[in-house]
Structures are given as structure tokens and as C-alpha cells.
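The data block below is target02.txt; it holds compact mmCIF, C-alpha atoms.
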```txt
# COMPACT_ATOMS: atom_id res chain seq x y z
CA MET A 1 4.09 -48.41 36.65
CA THR A 2 4.57 -46.36 33.47
CA THR A 3 5.71 -42.77 33.40
CA SER A 4 5.12 -40.20 30.65
CA THR A 5 7.71 -37.71 29.55
CA GLN A 6 7.15 -34.11 28.52
CA PHE A 7 7.02 -35.32 24.92
CA GLY A 8 4.00 -37.54 25.58
CA THR A 9 3.41 -41.25 25.06
CA PRO A 10 4.17 -42.90 21.69
CA ASP A 11 0.46 -42.98 20.82
CA GLU A 12 0.09 -39.27 21.62
CA THR A 13 3.16 -38.40 19.56
CA GLN A 14 1.78 -40.26 16.53
CA ASP A 15 -1.53 -38.38 16.80
CA ARG A 16 0.11 -34.96 16.74
CA PRO A 17 -0.04 -33.15 13.39
CA VAL A 18 3.24 -32.39 11.65
CA GLY A 19 4.33 -30.08 8.87
CA LEU A 20 1.60 -28.18 7.07
CA ALA A 21 -1.10 -29.80 9.18
CA ALA A 22 0.53 -28.45 12.35
CA LEU A 23 0.85 -24.98 10.82
CA LYS A 24 -2.80 -25.04 9.77
CA GLU A 25 -3.86 -26.09 13.24
CA ALA A 26 -1.77 -23.31 14.81
CA LEU A 27 -3.23 -20.66 12.49
CA GLU A 28 -6.78 -21.77 13.29
CA ARG A 29 -6.35 -21.28 17.04
CA PRO A 30 -8.46 -18.44 18.49
CA LEU A 31 -5.49 -16.53 19.94
CA THR A 32 -3.24 -16.76 16.87
CA PRO A 33 -4.24 -13.32 15.44
CA TYR A 34 -3.68 -11.73 18.86
CA TYR A 35 -0.19 -13.17 19.27
CA LEU A 36 0.74 -12.42 15.66
CA LEU A 37 -0.27 -8.78 16.03
CA VAL A 38 1.60 -8.33 19.31
CA GLY A 39 4.71 -10.22 18.19
CA SER A 40 4.96 -8.66 14.73
CA THR A 41 4.46 -5.15 16.10
CA ALA A 42 7.15 -5.66 18.75
CA LEU A 43 9.63 -7.05 16.22
CA LEU A 44 9.01 -4.24 13.72
CA LEU A 45 9.47 -1.62 16.44
CA THR A 46 12.72 -3.24 17.54
CA ILE A 47 14.04 -3.51 13.99
CA GLY A 48 12.94 0.07 13.35
CA LEU A 49 14.89 1.44 16.32
CA ILE A 50 18.01 -0.48 15.30
CA MET A 51 17.80 0.67 11.69
CA VAL A 52 17.03 4.30 12.61
CA LEU A 53 20.12 4.29 14.82
CA SER A 54 22.25 2.84 12.05
CA ALA A 55 20.86 4.93 9.18
CA SER A 56 20.91 8.26 11.06
CA SER A 57 24.16 7.95 13.03
CA VAL A 58 26.35 9.70 10.44
CA THR A 59 24.07 12.67 9.75
CA SER A 60 23.23 12.95 13.47
CA TYR A 61 26.90 13.29 14.31
CA GLU A 62 27.45 15.83 11.54
CA ASN A 63 24.54 17.97 12.69
CA SER A 64 24.78 17.71 16.49
CA GLN A 65 28.01 15.88 17.35
CA ASN A 66 25.80 13.14 18.79
CA SER A 67 25.33 9.93 16.80
CA TYR A 68 22.27 9.03 18.90
CA ALA A 69 20.35 12.31 18.47
CA VAL A 70 17.76 10.98 16.00
CA VAL A 71 17.25 7.56 17.57
CA GLU A 72 16.80 9.16 20.99
CA LYS A 73 13.88 11.18 19.58
CA GLN A 74 12.45 8.04 17.99
CA LEU A 75 12.75 6.18 21.29
CA ILE A 76 10.82 8.95 23.02
CA TRP A 77 8.04 8.60 20.41
CA VAL A 78 7.99 4.83 21.01
CA LEU A 79 7.73 5.35 24.78
CA ILE A 80 4.82 7.75 24.17
CA GLY A 81 3.14 5.53 21.59
CA LEU A 82 3.20 2.22 23.49
CA PRO A 83 0.99 3.43 26.39
CA MET A 84 -1.34 5.04 23.85
CA ALA A 85 -1.54 1.73 21.97
CA TRP A 86 -2.27 -0.10 25.24
CA VAL A 87 -5.08 2.34 26.08
CA ALA A 88 -6.47 1.99 22.54
CA SER A 89 -6.51 -1.80 22.91
CA ARG A 90 -8.66 -1.46 26.05
CA LEU A 91 -11.14 1.09 24.72
CA PRO A 92 -14.64 -0.35 24.25
CA GLN A 93 -16.09 -0.36 20.76
CA ARG A 94 -18.75 2.14 21.82
CA THR A 95 -16.09 4.62 22.96
CA LEU A 96 -14.20 4.32 19.66
CA ARG A 97 -17.38 4.95 17.71
CA ASN A 98 -18.33 7.95 19.86
CA LEU A 99 -14.87 9.47 19.32
CA SER A 100 -14.74 8.81 15.57
CA THR A 101 -16.61 11.95 14.42
CA LEU A 102 -14.67 14.14 16.83
CA GLY A 103 -11.43 12.61 15.56
CA LEU A 104 -12.33 13.36 11.94
CA LEU A 105 -13.29 16.96 12.68
CA GLY A 106 -10.17 17.42 14.79
CA SER A 107 -7.89 16.09 12.05
CA MET A 108 -9.56 18.35 9.48
CA GLY A 109 -9.02 21.30 11.80
CA LEU A 110 -5.33 20.46 12.15
CA LEU A 111 -5.02 20.07 8.37
CA ALA A 112 -6.59 23.50 7.90
CA LEU A 113 -4.12 25.02 10.37
CA THR A 114 -1.23 23.95 8.15
CA LEU A 115 -2.50 26.51 5.62
CA THR A 116 -2.00 29.28 8.19
CA PRO A 117 1.29 30.78 9.43
CA LEU A 118 1.51 27.78 11.79
CA GLY A 119 2.21 25.57 8.76
CA VAL A 120 5.78 24.36 8.31
CA THR A 121 7.22 23.62 4.85
CA ARG A 122 9.54 20.67 4.37
CA ASN A 123 10.66 19.21 1.04
CA HIS A 124 8.43 21.67 -0.84
CA GLN A 125 5.32 20.48 1.07
CA THR A 126 3.52 22.53 3.72
CA ASN A 127 2.07 19.50 5.47
CA TRP A 128 3.59 20.04 8.92
CA LEU A 129 2.16 21.95 11.86
CA GLY A 130 4.52 23.70 14.25
CA VAL A 131 3.37 24.44 17.80
CA GLY A 132 6.25 25.60 19.96
CA PRO A 133 9.04 23.00 19.88
CA PHE A 134 6.69 20.31 18.52
CA VAL A 135 6.17 19.68 14.82
CA ILE A 136 3.55 17.13 13.72
CA GLN A 137 2.10 15.96 10.41
CA PRO A 138 -1.72 16.02 10.74
CA SER A 139 -2.27 14.02 7.55
CA GLU A 140 -0.90 10.90 9.27
CA PHE A 141 -3.54 11.13 11.99
CA ALA A 142 -6.20 11.83 9.36
CA LYS A 143 -5.73 8.32 7.92
CA LEU A 144 -6.78 6.67 11.20
CA ALA A 145 -9.57 9.22 11.74
CA VAL A 146 -11.06 8.49 8.31
CA ILE A 147 -10.99 4.72 8.93
CA LEU A 148 -12.72 4.97 12.32
CA TRP A 149 -15.32 7.46 11.06
CA ALA A 150 -16.11 5.49 7.89
CA GLY A 151 -16.35 2.27 9.92
CA HIS A 152 -18.79 3.96 12.31
CA ILE A 153 -20.95 5.31 9.47
CA TYR A 154 -21.10 2.00 7.63
CA ALA A 155 -21.88 0.10 10.84
CA ASN A 156 -24.84 2.43 11.42
CA LYS A 157 -26.03 1.89 7.84
CA GLN A 158 -25.49 -1.86 7.84
CA ARG A 159 -29.06 -2.65 6.74
CA ARG A 160 -29.13 0.04 4.04
CA LEU A 161 -25.84 -0.73 2.28
CA GLY A 162 -27.65 -2.36 -0.60
CA GLU A 163 -28.35 1.12 -2.00
CA LEU A 164 -25.48 3.00 -3.68
CA GLN A 165 -26.47 6.36 -2.21
CA HIS A 166 -26.06 5.04 1.34
CA ILE A 167 -22.67 3.57 0.40
CA LEU A 168 -21.40 6.86 -0.99
CA VAL A 169 -22.99 9.44 1.35
CA PRO A 170 -21.59 10.82 3.60
CA VAL A 171 -18.34 8.81 3.48
CA VAL A 172 -17.15 9.80 0.00
CA PRO A 173 -17.84 13.55 0.43
CA GLY A 174 -16.12 13.44 3.83
CA VAL A 175 -13.04 11.72 2.42
CA LEU A 176 -12.94 14.16 -0.51
CA ALA A 177 -12.96 17.08 1.96
CA VAL A 178 -10.03 15.61 3.88
CA THR A 179 -8.20 14.79 0.66
CA GLY A 180 -8.75 18.31 -0.64
CA LEU A 181 -7.03 19.76 2.42
CA ILE A 182 -4.13 17.33 1.95
CA LEU A 183 -3.77 18.23 -1.72
CA LEU A 184 -3.60 21.90 -0.76
CA GLN A 185 -0.48 20.89 1.19
CA ARG A 186 0.94 19.43 -2.07
CA ASP A 187 1.06 15.97 -0.43
CA LEU A 188 0.05 13.69 -3.30
CA GLY A 189 1.36 10.49 -1.66
CA THR A 190 -0.90 10.73 1.41
CA ALA A 191 -3.87 11.62 -0.79
CA LEU A 192 -3.36 8.45 -2.83
CA VAL A 193 -3.16 6.37 0.37
CA LEU A 194 -6.49 7.84 1.51
CA PHE A 195 -8.05 7.02 -1.86
CA ALA A 196 -6.80 3.43 -1.55
CA ILE A 197 -8.27 3.09 1.95
CA THR A 198 -11.61 4.51 0.80
CA LEU A 199 -11.85 2.26 -2.26
CA SER A 200 -11.08 -0.80 -0.12
CA LEU A 201 -13.85 0.10 2.33
CA LEU A 202 -16.28 0.67 -0.53
CA TRP A 203 -15.38 -2.79 -1.84
CA VAL A 204 -15.99 -4.37 1.58
CA VAL A 205 -19.43 -2.78 1.95
CA GLY A 206 -20.46 -3.95 -1.52
CA ALA A 207 -20.10 -1.08 -4.00
CA PRO A 208 -20.70 -2.21 -7.60
CA ALA A 209 -17.71 -3.17 -9.77
CA LYS A 210 -18.40 -0.47 -12.39
CA PHE A 211 -17.98 2.15 -9.66
CA PHE A 212 -14.41 0.95 -9.01
CA ALA A 213 -13.52 1.10 -12.70
CA LEU A 214 -14.77 4.68 -12.92
CA SER A 215 -13.10 5.71 -9.64
CA ALA A 216 -9.76 4.14 -10.57
CA SER A 217 -9.78 5.95 -13.91
CA VAL A 218 -10.59 9.32 -12.34
CA ILE A 219 -7.96 8.90 -9.62
CA ALA A 220 -5.30 7.80 -12.12
CA VAL A 221 -5.96 10.75 -14.42
CA GLY A 222 -6.09 13.19 -11.51
CA ALA A 223 -2.88 11.85 -9.96
CA PHE A 224 -1.06 12.04 -13.29
CA TRP A 225 -2.24 15.62 -13.83
CA LEU A 226 -1.19 16.68 -10.33
CA ALA A 227 2.19 15.03 -10.83
CA THR A 228 2.77 17.06 -14.00
CA THR A 229 2.01 20.36 -12.22
CA SER A 230 5.30 20.11 -10.30
CA SER A 231 8.64 19.98 -12.09
CA GLU A 232 10.13 17.82 -9.33
CA ARG A 233 7.24 15.32 -9.47
CA ARG A 234 7.39 15.30 -13.26
CA GLN A 235 11.10 14.46 -13.23
CA ARG A 236 10.55 11.66 -10.69
CA LEU A 237 7.66 10.28 -12.74
CA LEU A 238 9.81 10.18 -15.88
CA SER A 239 12.98 8.80 -14.27
CA PHE A 240 11.82 6.20 -11.73
CA THR A 241 11.89 3.29 -14.21
CA ASP A 242 15.54 4.02 -15.06
CA PRO A 243 17.05 6.21 -12.31
CA PHE A 244 20.59 5.72 -13.61
CA LYS A 245 19.64 7.58 -16.79
CA ASP A 246 19.50 10.81 -14.78
CA TYR A 247 21.87 9.65 -12.08
CA HIS A 248 23.15 13.08 -10.97
CA ASP A 249 19.75 14.79 -10.85
CA SER A 250 16.24 13.36 -10.40
CA GLY A 251 17.46 9.75 -10.30
CA TRP A 252 20.03 10.28 -7.54
CA GLN A 253 17.95 9.02 -4.60
CA ALA A 254 16.39 6.06 -6.43
CA ALA A 255 19.74 5.02 -7.94
CA HIS A 256 21.52 5.03 -4.59
CA GLY A 257 18.64 3.10 -3.05
CA LEU A 258 19.12 0.37 -5.66
CA LEU A 259 22.89 0.42 -5.07
CA ALA A 260 22.29 -0.10 -1.36
CA LEU A 261 19.93 -3.04 -1.92
CA SER A 262 22.11 -4.73 -4.53
CA SER A 263 25.28 -4.45 -2.46
CA GLY A 264 23.64 -6.12 0.53
CA GLY A 265 23.46 -9.54 -1.11
CA VAL A 266 21.70 -12.38 0.67
CA PHE A 267 22.83 -11.81 4.26
CA GLY A 268 23.91 -8.16 4.16
CA LYS A 269 27.04 -6.36 5.25
CA GLY A 270 26.09 -6.34 8.90
CA ILE A 271 24.35 -3.80 11.14
CA GLY A 272 26.10 -0.44 10.94
CA ALA A 273 28.12 -1.33 7.84
CA SER A 274 26.04 0.57 5.26
CA GLN A 275 28.05 2.78 2.91
CA GLN A 276 25.12 4.62 1.32
CA LYS A 277 24.13 6.24 4.62
CA TRP A 278 27.34 8.28 4.55
CA GLY A 279 25.63 11.21 2.84
CA THR A 280 24.95 9.74 -0.61
CA LEU A 281 21.42 8.41 0.08
CA PRO A 282 18.92 11.19 0.93
CA GLU A 283 16.27 10.42 3.60
CA SER A 284 18.15 7.27 4.57
CA HIS A 285 16.43 7.06 7.99
CA THR A 286 12.93 8.00 6.78
CA ASP A 287 11.53 7.19 3.32
CA TYR A 288 14.56 5.14 2.21
CA ILE A 289 15.29 3.21 5.40
CA PHE A 290 14.33 -0.02 3.60
CA ALA A 291 17.36 0.48 1.33
CA VAL A 292 19.72 0.71 4.33
CA LEU A 293 17.98 -2.31 5.85
CA GLY A 294 18.62 -4.29 2.67
CA GLU A 295 22.25 -3.21 2.55
CA GLU A 296 22.95 -4.19 6.15
CA LEU A 297 20.64 -7.20 6.61
CA GLY A 298 20.46 -8.41 3.01
CA LEU A 299 17.67 -10.23 1.25
CA VAL A 300 16.98 -12.29 4.38
CA GLY A 301 16.36 -9.15 6.45
CA THR A 302 14.11 -7.50 3.88
CA LEU A 303 12.02 -10.64 3.41
CA PHE A 304 11.70 -11.00 7.17
CA VAL A 305 10.37 -7.43 7.49
CA VAL A 306 7.94 -7.94 4.61
CA GLY A 307 6.86 -11.21 6.24
CA LEU A 308 6.05 -9.37 9.48
CA PHE A 309 3.78 -6.97 7.61
CA LEU A 310 2.09 -9.90 5.87
CA ALA A 311 1.54 -11.53 9.28
CA ILE A 312 -0.16 -8.35 10.52
CA ALA A 313 -2.28 -8.26 7.36
CA TRP A 314 -3.30 -11.91 7.75
CA ALA A 315 -4.23 -11.39 11.40
CA ALA A 316 -6.30 -8.28 10.53
CA VAL A 317 -8.16 -10.15 7.77
CA ARG A 318 -8.76 -13.05 10.16
CA VAL A 319 -10.29 -10.66 12.70
CA ALA A 320 -12.36 -8.93 10.01
CA THR A 321 -13.75 -12.19 8.62
CA GLN A 322 -14.43 -13.89 11.96
CA THR A 323 -16.17 -11.02 13.76
CA ARG A 324 -19.91 -10.48 13.89
CA GLU A 325 -19.51 -6.75 14.54
CA PRO A 326 -19.68 -4.59 11.38
CA PHE A 327 -17.61 -1.80 12.95
CA VAL A 328 -14.81 -4.23 13.82
CA ARG A 329 -14.90 -5.68 10.30
CA TYR A 330 -14.64 -2.34 8.51
CA VAL A 331 -12.01 -0.82 10.80
CA SER A 332 -9.84 -3.95 10.78
CA PHE A 333 -9.90 -4.12 7.00
CA GLY A 334 -9.19 -0.38 6.66
CA ILE A 335 -6.17 -0.55 8.99
CA MET A 336 -4.85 -3.57 7.09
CA VAL A 337 -5.07 -1.77 3.74
CA TRP A 338 -3.45 1.34 5.22
CA LEU A 339 -0.40 -0.36 6.76
CA LEU A 340 0.09 -3.01 4.09
CA GLY A 341 -0.48 -0.48 1.31
CA GLN A 342 2.11 1.91 2.72
CA MET A 343 4.59 -0.94 3.04
CA ILE A 344 4.04 -1.94 -0.58
CA VAL A 345 4.39 1.64 -1.81
CA ASN A 346 7.54 2.26 0.26
CA VAL A 347 9.20 -0.96 -0.87
CA GLY A 348 8.10 -0.25 -4.45
CA MET A 349 9.76 3.18 -4.28
CA VAL A 350 13.04 1.69 -3.08
CA LEU A 351 12.90 -1.01 -5.77
CA SER A 352 12.15 1.70 -8.40
CA VAL A 353 8.95 0.00 -9.54
CA LEU A 354 6.94 3.00 -8.24
CA PRO A 355 7.70 6.73 -8.32
CA VAL A 356 9.17 8.36 -5.21
CA ILE A 357 6.18 9.95 -3.44
CA GLY A 358 7.45 10.24 0.12
CA ILE A 359 5.65 7.41 1.93
CA PRO A 360 7.41 6.11 5.10
CA LEU A 361 7.70 2.46 6.09
CA PRO A 362 5.26 1.99 9.00
CA LEU A 363 6.84 1.33 12.42
CA VAL A 364 10.34 1.28 10.89
CA SER A 365 10.96 4.73 9.40
CA TYR A 366 11.86 7.65 11.65
CA GLY A 367 9.06 10.04 12.58
CA GLY A 368 6.65 10.35 15.48
CA SER A 369 3.78 11.68 13.37
CA ALA A 370 3.71 8.41 11.41
CA LEU A 371 4.57 6.17 14.36
CA LEU A 372 1.90 7.29 16.84
CA PRO A 373 -1.22 6.72 14.68
CA SER A 374 0.22 3.41 13.44
CA LEU A 375 0.73 2.19 17.02
CA ILE A 376 -2.75 3.38 18.04
CA ALA A 377 -4.25 1.59 15.02
CA LEU A 378 -2.42 -1.63 15.90
CA GLY A 379 -3.54 -1.24 19.52
CA ILE A 380 -7.14 -1.06 18.30
CA LEU A 381 -6.58 -4.18 16.18
CA ILE A 382 -5.05 -6.04 19.11
CA GLY A 383 -8.06 -5.07 21.25
CA PHE A 384 -10.41 -6.40 18.56
CA ALA A 385 -8.44 -9.68 18.39
CA ARG A 386 -8.40 -10.30 22.13
CA ARG A 387 -12.11 -9.47 22.54
CA GLU A 388 -13.33 -11.95 19.94
CA PRO A 389 -15.53 -14.45 21.88
CA GLU A 390 -13.33 -17.51 21.30
CA ALA A 391 -10.12 -15.59 21.98
CA ALA A 392 -11.56 -14.02 25.14
CA ALA A 393 -12.67 -17.45 26.35
CA ALA A 394 -9.21 -18.90 25.66
CA LEU A 395 -7.52 -16.07 27.58
CA ALA A 396 -9.93 -16.50 30.48
CA ALA A 397 -9.28 -20.26 30.55
CA ARG A 398 -5.51 -19.68 30.67
CA LYS A 399 -5.90 -17.36 33.62
CA ARG A 400 -7.98 -19.93 35.48
CA VAL A 401 -5.46 -22.73 35.02
CA ARG A 402 -2.42 -20.61 35.81
CA PRO A 403 -0.65 -22.26 38.76
CA ALA A 404 -0.59 -20.33 41.99
CA ARG A 405 2.72 -19.14 43.37
CA PRO A 406 4.04 -21.28 46.22
CA VAL A 407 3.75 -19.68 49.64
CA LYS A 408 7.10 -19.25 51.34
CA GLN A 409 7.14 -20.74 54.84
CA SER A 410 9.05 -18.94 57.55
CA ARG A 411 11.75 -20.95 59.17
CA GLY A 412 11.66 -21.10 62.95
CA LEU A 413 14.62 -20.74 65.21
```

Output the structure of this file as C-alpha cells.
Amino acid sequence: MTTSTQFGTPDETQDRPVGLAALKEALERPLTPYYLLVGSTALLLTIGLIMVLSASSVTSYENSQNSYAVVEKQLIWVLIGLPMAWVASRLPQRTLRNLSTLGLLGSMGLLALTLTPLGVTRNHQTNWLGVGPFVIQPSEFAKLAVILWAGHIYANKQRRLGELQHILVPVVPGVLAVTGLILLQRDLGTALVLFAITLSLLWVVGAPAKFFALSASVIAVGAFWLATTSSERRQRLLSFTDPFKDYHDSGWQAAHGLLALSSGGVFGKGIGASQQKWGTLPESHTDYIFAVLGEELGLVGTLFVVGLFLAIAWAAVRVATQTREPFVRYVSFGIMVWLLGQMIVNVGMVLSVLPVIGIPLPLVSYGGSALLPSLIALGILIGFARREPEAAAALAARKRVRPARPVKQSRGL
């Protein structure tokens, strides 16, 4: 009598794919996008909490005699955001579409309130809304609202998207209205992210190439003009390519970010060992947390974080290309461009290949206003991935074959 081990018989072992073939087979499995989204999100949240603790510990102690003050607030936002992400992953597509218009109008209302006495100014930008002890940034929620609303509109117009007027109206005017409110807050970075999301959606629905050339030119000229209207923006625009040239003024933050990255080497100095976080690197736990991450975890750590974002992007594209639902396709692609685009801009700022425009690193930087909509968006993506027909069938099959728990028998006297 022959027995088989857990590794299978010799014939079975020879038939198993190895190397690139095994990776390809794993990526083609129906549940791969679902597991990649869940795993990458969990890892980024964990890394984010660790790095927020490390990057903020010094300033937290200086301000409140408590090194954990900032990370405790971030942990509270995570504990609020995770249930919201879970609920978002369970919401039916019809519910998301019904809420999309209300979400857009609500976000525009909150943006308008920042122009009233309820608006709070930080870093020369009145893009915060203070209500009692809570302070939120409505523009972060507007990104998700625009994606859901545009996806709903384009799904309704699926059969009429061959005409340019149906591609542009009402999505482009709606986005311009939201962007106008954001520009009134002097928040150029968020406005550029919204433009990027809108252009990507227009590309997905089939807008002509000449439209993109014209739009890119208008946006570039407009962004450059807006940048020159502020002395601070103008200095950053002129110094970002060589921050050490104006080391003690406009190049201070970018220069210290580069010093942090370069001193980390391949494997980093170790968690908690950053020197730049001791007051020399502004916004070390928010916009420039990637610099502290590179100093403490080195090139390996930074590439790992970038790889997690690329995994999320790949999973989102896989969902968008495999689905038969137009709404799922447009929303998945919009969320991918939003999160991946912000990662690229944030990393580009730290590497001084892009000007400093105040864009946080999703899921990693400190801030509940950025964290909550990102988690909700990823929850929606995870729901899309698990409800794809093949993925849903695979999950149902796993539940059916799950072994039952053994019944404990009572022992008699």
C-alpha cells in the first residue's frame, strides 16, 4: 500500500508550475485581487501606525509631555475607519449609486462652509472645517465623492458615451465646481489630484486624444499661474530641483527630506533611530513621513511600501478589466488613480523631483481626514473584488468544504 505525503506524489510534484509560471497562475486566480487588497491595506495601515509613532514621538513629547499623543489619535481614526470600510465593502452597488449624488452635494456643502467663520486656516490654507473639538478636511472626502458620482453618471450614459457632449456633461462642470471651491481654499495640490482623477475617467470612457492634449495644456498653464500668485509657492517651484541652493529658506524641508533618505542606506538605521525627526524636518509625520520611513527602514522599506501600493493598483485594474458592470469599472479605476497618484506625488516631493504641494501618503501619513475616505474607498474596492462572479463562487466553495468542528463528547463517571 502506498501513502502520499503533504507534498504530493512525484508525478504531482513534477506537474506543479514553478517560478514565473507559478506566479502567473497565482495572479490569475479569482480571489487574488481580493487577498491583495486586504493584505496590502492591512500592511500599509500597520506600517503607517509604526511610522507615525516614530516620526511624531519627539514633537508629541515637546508639545504634550506624551510621546504617544499623535499616534493615539491616529489609532482612534483607524478604529473608526475599519468598521466604515467593512460596511462599505458590504454595500450593494445600487446603494452606492443612490448615495453618490448626495455625497457630492454634501462634500460641496462642506467645502463651502470652509469659506465661512467655521473655516480653519493651517499652513496658509483655509481648507479645514472646525466643528467643536473636531477638525476635518472636506476636500479629502470630495475626492471619493467625485469618483462615485462620475462613475454613476457614466454608467447611466454607457450607451451614449460615443458622443463628446455626453462624456463632458455633467461630469466636467461638476468637477470644475468642486475644484473651484478647493482653489478658493488655496489648496492647489488637491485640485491637481482631482484633475488627474477626472482626466483618467475621461480616458476610460473614451474621450478623444486631442481633448487630453488641450486639457493638459490648460491645466499646466493654470497651475503654473496659480503657483506664481503665492510667494511661498513660487519659492518652492524655483527651488525644488536644487533645495540645497536655498538650504536655510525655501529648500529647508526638501533638503532635510533628502538627507533623511540618503542617510538610511539600504536597510535603514532602525525603527525609532531617525535623526531628522528631532525638529529639523517639518511635517515629518504627515507630508514627509516617507523621508523618515526611508531613514529608518532604508531602501528596502521604501521599495516595500511602494510595492504595496503597486499591488493595490494591480488588483484595482484587474477588477476594472474583469467586471461587466460599468459602475464598478469606472469607480475601481478612479480609486486606483487617486491612491496611486497621491503616492507618486508624495514620493516625488520627498525625492525632490516634484514641488512640495502638501499631498499626504495614503494610509501611512498622519491625519484622519485623509485616512477615512481612503479606507472607505478601499472597502468599496474589496467589496467589488469579492462580489465578482468567479471570486464569489470560489469563496462559496471554500465555505462549503470547510471542515466541521469536532463535537466534544462528555465523559461519564

By how many Å are CA of Ala313 in chain A and CA of Leu351 in chain A apart?
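Pair CA of Ala313 in chain A / CA of Leu351 in chain A returns 21.3 Å.
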
Against range 358-377 of chain A, which residues of range 128-196 of chain A fall within 12 Å? For each one I want the closest pair of atoms and the distance in Å (one decimal), counting all atoms listed in the file, rows by chain and increasing residue number, as a Markdown table.
```
| residue | atom | partner | partner_atom | distance |
| --- | --- | --- | --- | --- |
| A:Trp128 | CA | A:Ser369 | CA | 9.5 |
| A:Leu129 | CA | A:Ser369 | CA | 10.5 |
| A:Phe134 | CA | A:Gly368 | CA | 10.4 |
| A:Val135 | CA | A:Ser369 | CA | 8.5 |
| A:Ile136 | CA | A:Ser369 | CA | 5.5 |
| A:Gln137 | CA | A:Ser369 | CA | 5.5 |
| A:Pro138 | CA | A:Ser369 | CA | 7.5 |
| A:Ser139 | CA | A:Ser369 | CA | 8.7 |
| A:Glu140 | CA | A:Ala370 | CA | 5.7 |
| A:Phe141 | CA | A:Pro373 | CA | 5.7 |
| A:Ala142 | CA | A:Pro373 | CA | 8.9 |
| A:Lys143 | CA | A:Pro373 | CA | 8.3 |
| A:Leu144 | CA | A:Pro373 | CA | 6.6 |
| A:Ala145 | CA | A:Pro373 | CA | 9.2 |
| A:Val146 | CA | A:Ala377 | CA | 11.8 |
| A:Ile147 | CA | A:Ala377 | CA | 9.6 |
| A:Leu148 | CA | A:Ala377 | CA | 9.5 |
| A:Arg186 | CA | A:Gly358 | CA | 11.5 |
| A:Asp187 | CA | A:Gly358 | CA | 8.6 |
| A:Leu188 | CA | A:Gly358 | CA | 8.9 |
| A:Gly189 | CA | A:Gly358 | CA | 6.3 |
| A:Thr190 | CA | A:Ile359 | CA | 7.4 |
| A:Ala191 | CA | A:Ile359 | CA | 10.8 |
| A:Leu192 | CA | A:Ile359 | CA | 10.2 |
| A:Val193 | CA | A:Ile359 | CA | 9.0 |
```

Requested write-out: C-alpha atoms of the selected residues, as a PDB file, keeping the file's coordinate frame:
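Result written to selection.pdb:
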```pdb
ATOM      1  CA  TRP A 128       3.590  20.040   8.920  1.00  0.00           C
ATOM      2  CA  LEU A 129       2.160  21.950  11.860  1.00  0.00           C
ATOM      3  CA  PHE A 134       6.690  20.310  18.520  1.00  0.00           C
ATOM      4  CA  VAL A 135       6.170  19.680  14.820  1.00  0.00           C
ATOM      5  CA  ILE A 136       3.550  17.130  13.720  1.00  0.00           C
ATOM      6  CA  GLN A 137       2.100  15.960  10.410  1.00  0.00           C
ATOM      7  CA  PRO A 138      -1.720  16.020  10.740  1.00  0.00           C
ATOM      8  CA  SER A 139      -2.270  14.020   7.550  1.00  0.00           C
ATOM      9  CA  GLU A 140      -0.900  10.900   9.270  1.00  0.00           C
ATOM     10  CA  PHE A 141      -3.540  11.130  11.990  1.00  0.00           C
ATOM     11  CA  ALA A 142      -6.200  11.830   9.360  1.00  0.00           C
ATOM     12  CA  LYS A 143      -5.730   8.320   7.920  1.00  0.00           C
ATOM     13  CA  LEU A 144      -6.780   6.670  11.200  1.00  0.00           C
ATOM     14  CA  ALA A 145      -9.570   9.220  11.740  1.00  0.00           C
ATOM     15  CA  VAL A 146     -11.060   8.490   8.310  1.00  0.00           C
ATOM     16  CA  ILE A 147     -10.990   4.720   8.930  1.00  0.00           C
ATOM     17  CA  LEU A 148     -12.720   4.970  12.320  1.00  0.00           C
ATOM     18  CA  ARG A 186       0.940  19.430  -2.070  1.00  0.00           C
ATOM     19  CA  ASP A 187       1.060  15.970  -0.430  1.00  0.00           C
ATOM     20  CA  LEU A 188       0.050  13.690  -3.300  1.00  0.00           C
ATOM     21  CA  GLY A 189       1.360  10.490  -1.660  1.00  0.00           C
ATOM     22  CA  THR A 190      -0.900  10.730   1.410  1.00  0.00           C
ATOM     23  CA  ALA A 191      -3.870  11.620  -0.790  1.00  0.00           C
ATOM     24  CA  LEU A 192      -3.360   8.450  -2.830  1.00  0.00           C
ATOM     25  CA  VAL A 193      -3.160   6.370   0.370  1.00  0.00           C
TER      26      VAL A 193
END
```

Residues within 7 Å of Asn127 in chain A, please, as an MDAnalysis selection string. Count all atoms listed in the file; anything in the same chain fewer than 3 positions from it doesn't count.
chainID A and resid 114 119:121 137 185 187

Output file for the residues above (C-alpha atoms, as a tab-separated table (two decimals), in the coordinates of the input):
```tsv
chain	number	residue	atom	x	y	z
A	114	THR	CA	-1.23	23.95	8.15
A	119	GLY	CA	2.21	25.57	8.76
A	120	VAL	CA	5.78	24.36	8.31
A	121	THR	CA	7.22	23.62	4.85
A	137	GLN	CA	2.10	15.96	10.41
A	185	GLN	CA	-0.48	20.89	1.19
A	187	ASP	CA	1.06	15.97	-0.43
```

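Here CA of Leu31 in chain A stands at a distance of 24.4 Å from CA of Val204 in chain A.
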
As an MDAnalysis selection string, please: the residues near Ser215 in chain A (cut-off 12 Å, all atoms listed in the file, same-chain neighbours under 3 positions excluded).
chainID A and resid 172 195:196 198:200 202:203 207:212 218:223

In terms of the shortest atom-to-atom distance over all atoms listed in the file, which of A:Ser100, A:Ser57, A:Thr241, A:Thr41 is closest to Ile271 in chain A?
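Between A:Ser100, A:Ser57, A:Thr241, A:Thr41, the residue approaching Ile271 in chain A most closely is A:Ser57.
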
As an exercise, work out the distance from CA of Val306 in chain A to CA of Met343 in chain A in Å and give it to one decimal place.
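About the pair CA of Val306 in chain A and CA of Met343 in chain A: they are 7.9 Å apart.
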
Given all atoms listed in the file as the basis, pick out the residue of A:Gln235, A:Asn123, A:Leu194, A:Ser262 nearest to Asp249 in chain A.
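That would be A:Gln235, the residue with the smallest distance to Asp249 in chain A.
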
Which residues are close to Leu299 in chain A, i.e. within 12 Å by only C-alpha atoms, leaving aside same-chain residues fewer than 3 positions away? Reply as number ranges by chain.
A: 260-269, 290-296, 302-307

Rank A:Ala227, A:Asn66, A:Glu232, A:Val171 by their smallest atom-to-atom distance to His124 in chain A, using all atoms listed in the file, and report the top residue only.
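Of A:Ala227, A:Asn66, A:Glu232, A:Val171, the one nearest His124 in chain A is A:Glu232, counting all atoms listed in the file.
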
So that I can see what lies close to range 152-156 of chain A, please list as a PyMOL selection string the residues with an atom at most 7 Å from it, counting only C-alpha atoms and leaving out residues fewer than 6 positions away in the same chain.
chain A and resi 97+326-327

Take the residues from that selection and put them in a file with C-alpha atoms, as a CSV table (one decimal), in the coordinates of the input.
```
chain,number,residue,atom,x,y,z
A,97,ARG,CA,-17.4,5.0,17.7
A,326,PRO,CA,-19.7,-4.6,11.4
A,327,PHE,CA,-17.6,-1.8,13.0
```

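Distances from A:Leu82, A:Thr323, A:Ala22, A:Pro243 to Ala42 in chain A were compared using all atoms listed in the file, and the smallest one belongs to A:Leu82.
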
At a cut-off of 9 Å, using only C-alpha atoms, what residues contact Leu75 in chain A? Leave out same-chain residues fewer than 5 positions from it and give the result as a ChimeraX atom specification.
/A:49,70,80
